[in-house]
>>> print(open('my_file-v4.cif').read())   # mmCIF, C-alpha atoms; chains and numbers go by the auth columns
data_data
loop_
_atom_site.group_PDB
_atom_site.id
_atom_site.type_symbol
_atom_site.label_atom_id
_atom_site.label_comp_id
_atom_site.label_asym_id
_atom_site.label_seq_id
_atom_site.Cartn_x
_atom_site.Cartn_y
_atom_site.Cartn_z
_atom_site.B_iso_or_equiv
_atom_site.auth_seq_id
_atom_site.auth_asym_id
ATOM 1 C CA LEU A 1 -7.686 0.747 4.818 0.00 1050 A
ATOM 2 C CA LYS A 2 -5.876 3.764 6.219 0.00 1051 A
ATOM 3 C CA GLU A 3 -4.330 1.548 8.896 0.00 1052 A
ATOM 4 C CA VAL A 4 -3.203 -0.980 6.284 0.00 1053 A
ATOM 5 C CA ARG A 5 -1.621 1.849 4.321 0.00 1054 A
ATOM 6 C CA ARG A 6 0.080 3.138 7.454 0.00 1055 A
ATOM 7 C CA VAL A 7 1.759 -0.187 8.298 0.00 1056 A
ATOM 8 C CA LEU A 8 2.624 -1.152 4.713 0.00 1057 A
ATOM 9 C CA ARG A 9 6.163 -0.221 3.713 0.00 1058 A
ATOM 10 C CA SER A 10 6.658 2.516 1.120 0.00 1059 A
ATOM 11 C CA GLY A 11 6.252 1.057 -2.336 0.00 1060 A
ATOM 12 C CA GLY A 12 4.431 -1.964 -0.856 0.00 1061 A
ATOM 13 C CA GLN A 13 1.490 -3.569 -2.594 0.00 1062 A
ATOM 14 C CA LEU A 14 -1.899 -4.526 -1.175 0.00 1063 A
ATOM 15 C CA VAL A 15 -3.953 -7.229 -2.919 0.00 1064 A
ATOM 16 C CA VAL A 16 -7.570 -7.742 -1.913 0.00 1065 A
ATOM 17 C CA ALA A 17 -10.257 -10.162 -3.088 0.00 1066 A
ATOM 18 C CA ASP A 18 -13.869 -9.313 -2.361 0.00 1067 A
ATOM 19 C CA TRP A 19 -17.316 -9.579 -3.834 0.00 1068 A
ATOM 20 C CA GLY A 20 -17.912 -7.015 -6.561 0.00 1069 A
ATOM 21 C CA ARG A 21 -20.311 -6.032 -9.306 0.00 1070 A
ATOM 22 C CA ALA A 22 -21.686 -9.143 -10.982 0.00 1071 A
ATOM 23 C CA HIS A 23 -20.074 -10.183 -14.244 0.00 1072 A
ATOM 24 C CA SER A 24 -23.209 -11.701 -15.765 0.00 1073 A
ATOM 25 C CA PRO A 25 -26.971 -11.829 -15.233 0.00 1074 A
ATOM 26 C CA LEU A 26 -26.592 -15.308 -13.712 0.00 1075 A
ATOM 27 C CA SER A 27 -23.995 -14.023 -11.221 0.00 1076 A
ATOM 28 C CA ALA A 28 -26.283 -11.107 -10.414 0.00 1077 A
ATOM 29 C CA LEU A 29 -29.127 -13.504 -9.707 0.00 1078 A
ATOM 30 C CA GLY A 30 -26.924 -15.562 -7.391 0.00 1079 A
ATOM 31 C CA PHE A 31 -25.732 -12.450 -5.586 0.00 1080 A
ATOM 32 C CA MET A 32 -29.342 -11.339 -5.136 0.00 1081 A
ATOM 33 C CA THR A 33 -29.728 -14.317 -2.781 0.00 1082 A
ATOM 34 C CA VAL A 34 -26.804 -13.019 -0.713 0.00 1083 A
ATOM 35 C CA ARG A 35 -28.279 -9.514 -0.712 0.00 1084 A
ATOM 36 C CA ILE A 36 -31.639 -10.810 0.518 0.00 1085 A
ATOM 37 C CA LEU A 37 -29.984 -12.779 3.323 0.00 1086 A
ATOM 38 C CA ASP A 38 -27.355 -10.189 4.351 0.00 1087 A
ATOM 39 C CA GLY A 39 -29.349 -7.062 3.633 0.00 1088 A
ATOM 40 C CA PHE A 40 -29.310 -4.602 0.767 0.00 1089 A
ATOM 41 C CA SER A 41 -27.624 -1.826 2.764 0.00 1090 A
ATOM 42 C CA VAL A 42 -24.763 -4.143 3.763 0.00 1091 A
ATOM 43 C CA THR A 43 -24.094 -5.263 0.191 0.00 1092 A
ATOM 44 C CA ARG A 44 -24.685 -1.940 -1.623 0.00 1093 A
ATOM 45 C CA ASP A 45 -20.970 -1.152 -1.999 0.00 1094 A
ATOM 46 C CA HIS A 46 -20.346 -4.550 -3.560 0.00 1095 A
ATOM 47 C CA THR A 47 -22.862 -4.009 -6.344 0.00 1096 A
ATOM 48 C CA SER A 48 -21.498 -0.552 -7.147 0.00 1097 A
ATOM 49 C CA ASP A 49 -17.805 -1.578 -7.076 0.00 1098 A
ATOM 50 C CA ALA A 50 -17.080 1.108 -4.476 0.00 1099 A
ATOM 51 C CA PHE A 51 -13.967 -0.659 -3.181 0.00 1100 A
ATOM 52 C CA PRO A 52 -11.466 0.804 -5.688 0.00 1101 A
ATOM 53 C CA ALA A 53 -12.572 4.334 -4.763 0.00 1102 A
ATOM 54 C CA ARG A 54 -12.130 3.498 -1.086 0.00 1103 A
ATOM 55 C CA LEU A 55 -8.566 2.383 -1.768 0.00 1104 A
ATOM 56 C CA SER A 56 -7.839 5.695 -3.488 0.00 1105 A
ATOM 57 C CA GLU A 57 -9.500 7.653 -0.681 0.00 1106 A
ATOM 58 C CA ALA A 58 -7.231 5.853 1.813 0.00 1107 A
ATOM 59 C CA GLY A 59 -4.178 7.143 -0.051 0.00 1108 A
ATOM 60 C CA PHE A 60 -3.278 4.164 -2.235 0.00 1109 A
ATOM 61 C CA SER A 61 -2.168 4.675 -5.830 0.00 1110 A
ATOM 62 C CA GLU A 62 -2.190 2.495 -8.936 0.00 1111 A
ATOM 63 C CA VAL A 63 -5.502 0.917 -7.951 0.00 1112 A
ATOM 64 C CA THR A 64 -6.081 -1.820 -10.511 0.00 1113 A
ATOM 65 C CA GLU A 65 -8.563 -4.634 -10.959 0.00 1114 A
ATOM 66 C CA ARG A 66 -6.321 -7.658 -11.522 0.00 1115 A
ATOM 67 C CA ALA A 67 -8.850 -10.423 -12.046 0.00 1116 A
ATOM 68 C CA TRP A 68 -12.397 -11.550 -11.476 0.00 1117 A
ATOM 69 C CA PHE A 69 -13.830 -14.996 -10.893 0.00 1118 A
ATOM 70 C CA PRO A 70 -17.439 -16.055 -11.356 0.00 1119 A
ATOM 71 C CA ALA A 71 -18.947 -17.807 -8.352 0.00 1120 A
ATOM 72 C CA ALA A 72 -22.301 -19.404 -7.629 0.00 1121 A
ATOM 73 C CA VAL A 73 -23.442 -16.367 -5.670 0.00 1122 A
ATOM 74 C CA GLY A 74 -21.797 -13.479 -7.497 0.00 1123 A
ATOM 75 C CA THR A 75 -18.408 -12.412 -8.781 0.00 1124 A
ATOM 76 C CA VAL A 76 -15.179 -12.275 -6.789 0.00 1125 A
ATOM 77 C CA ARG A 77 -13.012 -9.351 -7.895 0.00 1126 A
ATOM 78 C CA VAL A 78 -9.302 -8.933 -7.128 0.00 1127 A
ATOM 79 C CA TRP A 79 -7.779 -5.455 -6.765 0.00 1128 A
ATOM 80 C CA SER A 80 -4.227 -4.347 -6.151 0.00 1129 A
ATOM 81 C CA ALA A 81 -2.993 -0.977 -4.912 0.00 1130 A
ATOM 82 C CA MET A 82 0.374 0.515 -4.081 0.00 1131 A
ATOM 83 C CA LYS A 83 1.510 2.605 -1.147 0.00 1132 A
ATOM 84 C CA PRO A 84 3.273 5.544 -2.766 0.00 1133 A
ATOM 85 C CA GLY A 85 6.933 5.993 -1.998 0.00 1134 A
ATOM 86 C CA MET A 86 10.269 4.431 -2.600 0.00 1135 A
ATOM 87 C CA ASN A 87 11.112 0.841 -1.573 0.00 1136 A
#
>>> encode(input="my_file-v4.cif", output="C-alpha cells")
Amino acid sequence: LKEVRRVLRSGGQLVVADWGRAHSPLSALGFMTVRILDGFSVTRDHTSDAFPARLSEAGFSEVTERAWFPAAVGTVRVWSAMKPGMN
C-alpha cells in the first residue's frame, strides 16, 4: 500500500474491493468455508475489517467504505482512500 501511495499522484484516489467482515449470518457461514480452505490465519484480517486501518497506516486519508456486496462465500467490501495533497 505504501508503494501504491508513492506512485499515485497527489490528490489521487485509490479504490479497492476485497473480502471483508460478513454482512449477515448466511454470508458468515459461506465465508467460513473459505476460511477452512484457505486457513484462519490467512483470512483473519478479512473478518476483522483490518483493511481500512492499513490504508490509514500507509498514509492515505479519507478512507471510506463505499459499498458492499453479498456473495455466496462472504461479503465483498469496496473502500476508497485519497493520497493527501493538491492535484
>>> closest_residue(input="my_file-v4.cif", among="A:Phe1080, A:Phe1109, A:Phe1089, A:Trp1068", to="A:Ala1130", atoms="all atoms listed in the file")
A:Phe1109
>>> atom_distance(input="my_file-v4.cif", atom1="atom CA of A:Pro1101", atom2="atom CA of A:Gly1060")
18.0 Å
>>> residues_around(input="my_file-v4.cif", residues="A:Leu1050", least_positions_apart="3", cutoff="7 Å", atoms="all atoms listed in the file", output="PyMOL selection string")
chain A and resi 1053-1054+1104+1107
>>> atom_distance(input="my_file-v4.cif", atom1="atom CA of A:His1095", atom2="atom CA of A:Val1125")
9.8 Å
>>> residues_around(input="my_file-v4.cif", residues="A:Ala1116", least_positions_apart="6", cutoff="9 Å", atoms="all atoms listed in the file", output="compact mmCIF listing (two decimals) with C-alpha atoms, in the frame of the given file")
# COMPACT_ATOMS: atom_id res chain seq x y z
CA VAL A 1125 -15.18 -12.28 -6.79
CA ARG A 1126 -13.01 -9.35 -7.90
CA VAL A 1127 -9.30 -8.93 -7.13
CA TRP A 1128 -7.78 -5.46 -6.76
>>> axis_aligned_box(input="my_file-v4.cif", around="stretch 1115-1121 of chain A", padding_each_side="3 Å", output="AutoDock Vina command-line options")
--center_x -14.3 --center_y -13.5 --center_z -9.8 --size_x 22.0 --size_y 17.7 --size_z 10.4
>>> closest_residue(input="my_file-v4.cif", among="A:Arg1115, A:Ser1105, A:Met1131, A:Thr1096", to="A:Ala1077", atoms="only C-alpha atoms")
A:Thr1096
>>> closest_residue(input="my_file-v4.cif", among="A:Gly1134, A:Val1122, A:Val1112, A:Ser1129", to="A:Ile1085", atoms="only C-alpha atoms")
A:Val1122
>>> atom_distance(input="my_file-v4.cif", atom1="atom CA of A:Thr1092", atom2="atom CA of A:Ala1120")
16.0 Å
>>> closest_residue(input="my_file-v4.cif", among="A:Glu1111, A:Arg1084, A:Ser1097, A:Ala1071", to="A:Gly1123", atoms="all atoms listed in the file")
A:Ala1071
>>> closest_residue(input="my_file-v4.cif", among="A:Leu1063, A:Ala1099, A:Leu1075, A:Pro1119", to="A:Lys1051", atoms="all atoms listed in the file")
A:Leu1063
>>> closest_residue(input="my_file-v4.cif", among="A:Glu1114, A:Asp1087, A:Glu1052, A:Glu1106", to="A:Arg1070", atoms="only C-alpha atoms")
A:Glu1114
>>> decode(input="my_file-v4.cif", residues="stretch 1061-1094 of chain A", atoms="N, CA, C and O atoms", output="PDB file, in the first residue's frame")
ATOM      1  N   GLY A1061      -4.784  11.980  -5.689  1.00  0.00           N
ATOM      2  CA  GLY A1061      -5.334  10.819  -6.394  1.00  0.00           C
ATOM      3  C   GLY A1061      -6.133   9.922  -5.465  1.00  0.00           C
ATOM      4  O   GLY A1061      -5.962   9.943  -4.244  1.00  0.00           O
ATOM      5  N   GLN A1062      -6.993   9.128  -6.046  1.00  0.00           N
ATOM      6  CA  GLN A1062      -7.865   8.254  -5.272  1.00  0.00           C
ATOM      7  C   GLN A1062      -7.570   6.795  -5.589  1.00  0.00           C
ATOM      8  O   GLN A1062      -7.394   6.420  -6.749  1.00  0.00           O
ATOM      9  N   LEU A1063      -7.545   5.978  -4.557  1.00  0.00           N
ATOM     10  CA  LEU A1063      -7.401   4.532  -4.680  1.00  0.00           C
ATOM     11  C   LEU A1063      -8.745   3.906  -4.332  1.00  0.00           C
ATOM     12  O   LEU A1063      -9.379   4.300  -3.342  1.00  0.00           O
ATOM     13  N   VAL A1064      -9.211   2.966  -5.136  1.00  0.00           N
ATOM     14  CA  VAL A1064     -10.437   2.226  -4.851  1.00  0.00           C
ATOM     15  C   VAL A1064     -10.088   0.748  -4.864  1.00  0.00           C
ATOM     16  O   VAL A1064      -9.474   0.259  -5.814  1.00  0.00           O
ATOM     17  N   VAL A1065     -10.476   0.054  -3.794  1.00  0.00           N
ATOM     18  CA  VAL A1065     -10.114  -1.351  -3.643  1.00  0.00           C
ATOM     19  C   VAL A1065     -11.352  -2.154  -3.244  1.00  0.00           C
ATOM     20  O   VAL A1065     -12.119  -1.735  -2.378  1.00  0.00           O
ATOM     21  N   ALA A1066     -11.522  -3.306  -3.874  1.00  0.00           N
ATOM     22  CA  ALA A1066     -12.567  -4.252  -3.484  1.00  0.00           C
ATOM     23  C   ALA A1066     -11.881  -5.495  -2.932  1.00  0.00           C
ATOM     24  O   ALA A1066     -10.926  -5.994  -3.520  1.00  0.00           O
ATOM     25  N   ASP A1067     -12.368  -5.954  -1.792  1.00  0.00           N
ATOM     26  CA  ASP A1067     -11.778  -7.134  -1.165  1.00  0.00           C
ATOM     27  C   ASP A1067     -12.816  -7.754  -0.245  1.00  0.00           C
ATOM     28  O   ASP A1067     -13.826  -7.139   0.088  1.00  0.00           O
ATOM     29  N   TRP A1068     -12.557  -8.969   0.149  1.00  0.00           N
ATOM     30  CA  TRP A1068     -13.431  -9.623   1.113  1.00  0.00           C
ATOM     31  C   TRP A1068     -13.343  -8.883   2.430  1.00  0.00           C
ATOM     32  O   TRP A1068     -12.280  -8.430   2.829  1.00  0.00           O
ATOM     33  N   GLY A1069     -14.454  -8.736   3.117  1.00  0.00           N
ATOM     34  CA  GLY A1069     -14.481  -8.072   4.409  1.00  0.00           C
ATOM     35  C   GLY A1069     -15.423  -8.779   5.355  1.00  0.00           C
ATOM     36  O   GLY A1069     -15.975  -9.837   5.042  1.00  0.00           O
ATOM     37  N   ARG A1070     -15.613  -8.163   6.510  1.00  0.00           N
ATOM     38  CA  ARG A1070     -16.497  -8.711   7.537  1.00  0.00           C
ATOM     39  C   ARG A1070     -17.853  -9.047   6.914  1.00  0.00           C
ATOM     40  O   ARG A1070     -18.404  -8.281   6.141  1.00  0.00           O
ATOM     41  N   ALA A1071     -18.375 -10.189   7.246  1.00  0.00           N
ATOM     42  CA  ALA A1071     -19.634 -10.654   6.666  1.00  0.00           C
ATOM     43  C   ALA A1071     -20.783  -9.729   7.044  1.00  0.00           C
ATOM     44  O   ALA A1071     -20.846  -9.206   8.157  1.00  0.00           O
ATOM     45  N   HIS A1072     -21.686  -9.541   6.122  1.00  0.00           N
ATOM     46  CA  HIS A1072     -22.834  -8.665   6.310  1.00  0.00           C
ATOM     47  C   HIS A1072     -23.982  -9.370   7.040  1.00  0.00           C
ATOM     48  O   HIS A1072     -24.798  -8.734   7.676  1.00  0.00           O
ATOM     49  N   SER A1073     -24.036 -10.678   6.927  1.00  0.00           N
ATOM     50  CA  SER A1073     -25.150 -11.427   7.516  1.00  0.00           C
ATOM     51  C   SER A1073     -24.649 -12.786   8.008  1.00  0.00           C
ATOM     52  O   SER A1073     -23.565 -13.237   7.626  1.00  0.00           O
ATOM     53  N   PRO A1074     -25.435 -13.452   8.824  1.00  0.00           N
ATOM     54  CA  PRO A1074     -25.044 -14.796   9.275  1.00  0.00           C
ATOM     55  C   PRO A1074     -24.847 -15.769   8.106  1.00  0.00           C
ATOM     56  O   PRO A1074     -23.945 -16.597   8.141  1.00  0.00           O
ATOM     57  N   LEU A1075     -25.663 -15.638   7.066  1.00  0.00           N
ATOM     58  CA  LEU A1075     -25.511 -16.520   5.904  1.00  0.00           C
ATOM     59  C   LEU A1075     -24.185 -16.250   5.190  1.00  0.00           C
ATOM     60  O   LEU A1075     -23.482 -17.185   4.793  1.00  0.00           O
ATOM     61  N   SER A1076     -23.824 -14.976   5.033  1.00  0.00           N
ATOM     62  CA  SER A1076     -22.527 -14.636   4.437  1.00  0.00           C
ATOM     63  C   SER A1076     -21.385 -15.157   5.293  1.00  0.00           C
ATOM     64  O   SER A1076     -20.378 -15.637   4.783  1.00  0.00           O
ATOM     65  N   ALA A1077     -21.538 -15.044   6.601  1.00  0.00           N
ATOM     66  CA  ALA A1077     -20.506 -15.535   7.518  1.00  0.00           C
ATOM     67  C   ALA A1077     -20.330 -17.042   7.380  1.00  0.00           C
ATOM     68  O   ALA A1077     -19.205 -17.554   7.389  1.00  0.00           O
ATOM     69  N   LEU A1078     -21.422 -17.744   7.223  1.00  0.00           N
ATOM     70  CA  LEU A1078     -21.352 -19.193   7.034  1.00  0.00           C
ATOM     71  C   LEU A1078     -20.637 -19.533   5.732  1.00  0.00           C
ATOM     72  O   LEU A1078     -19.776 -20.417   5.687  1.00  0.00           O
ATOM     73  N   GLY A1079     -20.950 -18.814   4.671  1.00  0.00           N
ATOM     74  CA  GLY A1079     -20.272 -19.045   3.392  1.00  0.00           C
ATOM     75  C   GLY A1079     -18.791 -18.746   3.486  1.00  0.00           C
ATOM     76  O   GLY A1079     -17.953 -19.488   2.959  1.00  0.00           O
ATOM     77  N   PHE A1080     -18.448 -17.660   4.183  1.00  0.00           N
ATOM     78  CA  PHE A1080     -17.037 -17.297   4.313  1.00  0.00           C
ATOM     79  C   PHE A1080     -16.287 -18.289   5.193  1.00  0.00           C
ATOM     80  O   PHE A1080     -15.080 -18.471   5.030  1.00  0.00           O
ATOM     81  N   MET A1081     -16.993 -18.949   6.099  1.00  0.00           N
ATOM     82  CA  MET A1081     -16.350 -19.968   6.932  1.00  0.00           C
ATOM     83  C   MET A1081     -15.765 -21.071   6.053  1.00  0.00           C
ATOM     84  O   MET A1081     -14.686 -21.595   6.339  1.00  0.00           O
ATOM     85  N   THR A1082     -16.429 -21.398   4.962  1.00  0.00           N
ATOM     86  CA  THR A1082     -15.905 -22.392   4.019  1.00  0.00           C
ATOM     87  C   THR A1082     -14.569 -21.926   3.452  1.00  0.00           C
ATOM     88  O   THR A1082     -13.606 -22.691   3.375  1.00  0.00           O
ATOM     89  N   VAL A1083     -14.499 -20.657   3.068  1.00  0.00           N
ATOM     90  CA  VAL A1083     -13.252 -20.087   2.549  1.00  0.00           C
ATOM     91  C   VAL A1083     -12.174 -20.142   3.621  1.00  0.00           C
ATOM     92  O   VAL A1083     -11.021 -20.510   3.356  1.00  0.00           O
ATOM     93  N   ARG A1084     -12.525 -19.790   4.840  1.00  0.00           N
ATOM     94  CA  ARG A1084     -11.554 -19.779   5.938  1.00  0.00           C
ATOM     95  C   ARG A1084     -11.014 -21.187   6.209  1.00  0.00           C
ATOM     96  O   ARG A1084      -9.824 -21.355   6.475  1.00  0.00           O
ATOM     97  N   ILE A1085     -11.869 -22.176   6.132  1.00  0.00           N
ATOM     98  CA  ILE A1085     -11.424 -23.561   6.341  1.00  0.00           C
ATOM     99  C   ILE A1085     -10.460 -23.977   5.239  1.00  0.00           C
ATOM    100  O   ILE A1085      -9.428 -24.584   5.499  1.00  0.00           O
ATOM    101  N   LEU A1086     -10.768 -23.608   3.996  1.00  0.00           N
ATOM    102  CA  LEU A1086      -9.921 -23.994   2.870  1.00  0.00           C
ATOM    103  C   LEU A1086      -8.622 -23.195   2.797  1.00  0.00           C
ATOM    104  O   LEU A1086      -7.563 -23.734   2.500  1.00  0.00           O
ATOM    105  N   ASP A1087      -8.695 -21.874   3.043  1.00  0.00           N
ATOM    106  CA  ASP A1087      -7.512 -21.016   2.926  1.00  0.00           C
ATOM    107  C   ASP A1087      -6.702 -20.928   4.211  1.00  0.00           C
ATOM    108  O   ASP A1087      -5.524 -20.608   4.177  1.00  0.00           O
ATOM    109  N   GLY A1088      -7.338 -21.152   5.316  1.00  0.00           N
ATOM    110  CA  GLY A1088      -6.662 -21.062   6.607  1.00  0.00           C
ATOM    111  C   GLY A1088      -7.145 -19.858   7.393  1.00  0.00           C
ATOM    112  O   GLY A1088      -7.367 -18.784   6.840  1.00  0.00           O
ATOM    113  N   PHE A1089      -7.314 -20.044   8.681  1.00  0.00           N
ATOM    114  CA  PHE A1089      -7.836 -18.982   9.533  1.00  0.00           C
ATOM    115  C   PHE A1089      -6.848 -17.821   9.674  1.00  0.00           C
ATOM    116  O   PHE A1089      -7.246 -16.662   9.721  1.00  0.00           O
ATOM    117  N   SER A1090      -5.557 -18.119   9.711  1.00  0.00           N
ATOM    118  CA  SER A1090      -4.574 -17.036   9.859  1.00  0.00           C
ATOM    119  C   SER A1090      -4.529 -16.160   8.612  1.00  0.00           C
ATOM    120  O   SER A1090      -4.337 -14.948   8.706  1.00  0.00           O
ATOM    121  N   VAL A1091      -4.742 -16.747   7.451  1.00  0.00           N
ATOM    122  CA  VAL A1091      -4.701 -16.008   6.188  1.00  0.00           C
ATOM    123  C   VAL A1091      -5.918 -15.098   6.040  1.00  0.00           C
ATOM    124  O   VAL A1091      -5.835 -14.024   5.440  1.00  0.00           O
ATOM    125  N   THR A1092      -7.029 -15.485   6.597  1.00  0.00           N
ATOM    126  CA  THR A1092      -8.277 -14.734   6.413  1.00  0.00           C
ATOM    127  C   THR A1092      -8.669 -13.901   7.639  1.00  0.00           C
ATOM    128  O   THR A1092      -9.714 -13.256   7.629  1.00  0.00           O
ATOM    129  N   ARG A1093      -7.842 -13.873   8.654  1.00  0.00           N
ATOM    130  CA  ARG A1093      -8.157 -13.156   9.902  1.00  0.00           C
ATOM    131  C   ARG A1093      -8.436 -11.666   9.644  1.00  0.00           C
ATOM    132  O   ARG A1093      -9.396 -11.110  10.171  1.00  0.00           O
ATOM    133  N   ASP A1094      -7.598 -11.018   8.852  1.00  0.00           N
ATOM    134  CA  ASP A1094      -7.793  -9.589   8.593  1.00  0.00           C
ATOM    135  C   ASP A1094      -9.112  -9.297   7.885  1.00  0.00           C
ATOM    136  O   ASP A1094      -9.711  -8.243   8.074  1.00  0.00           O
TER     137      ASP A1094
END
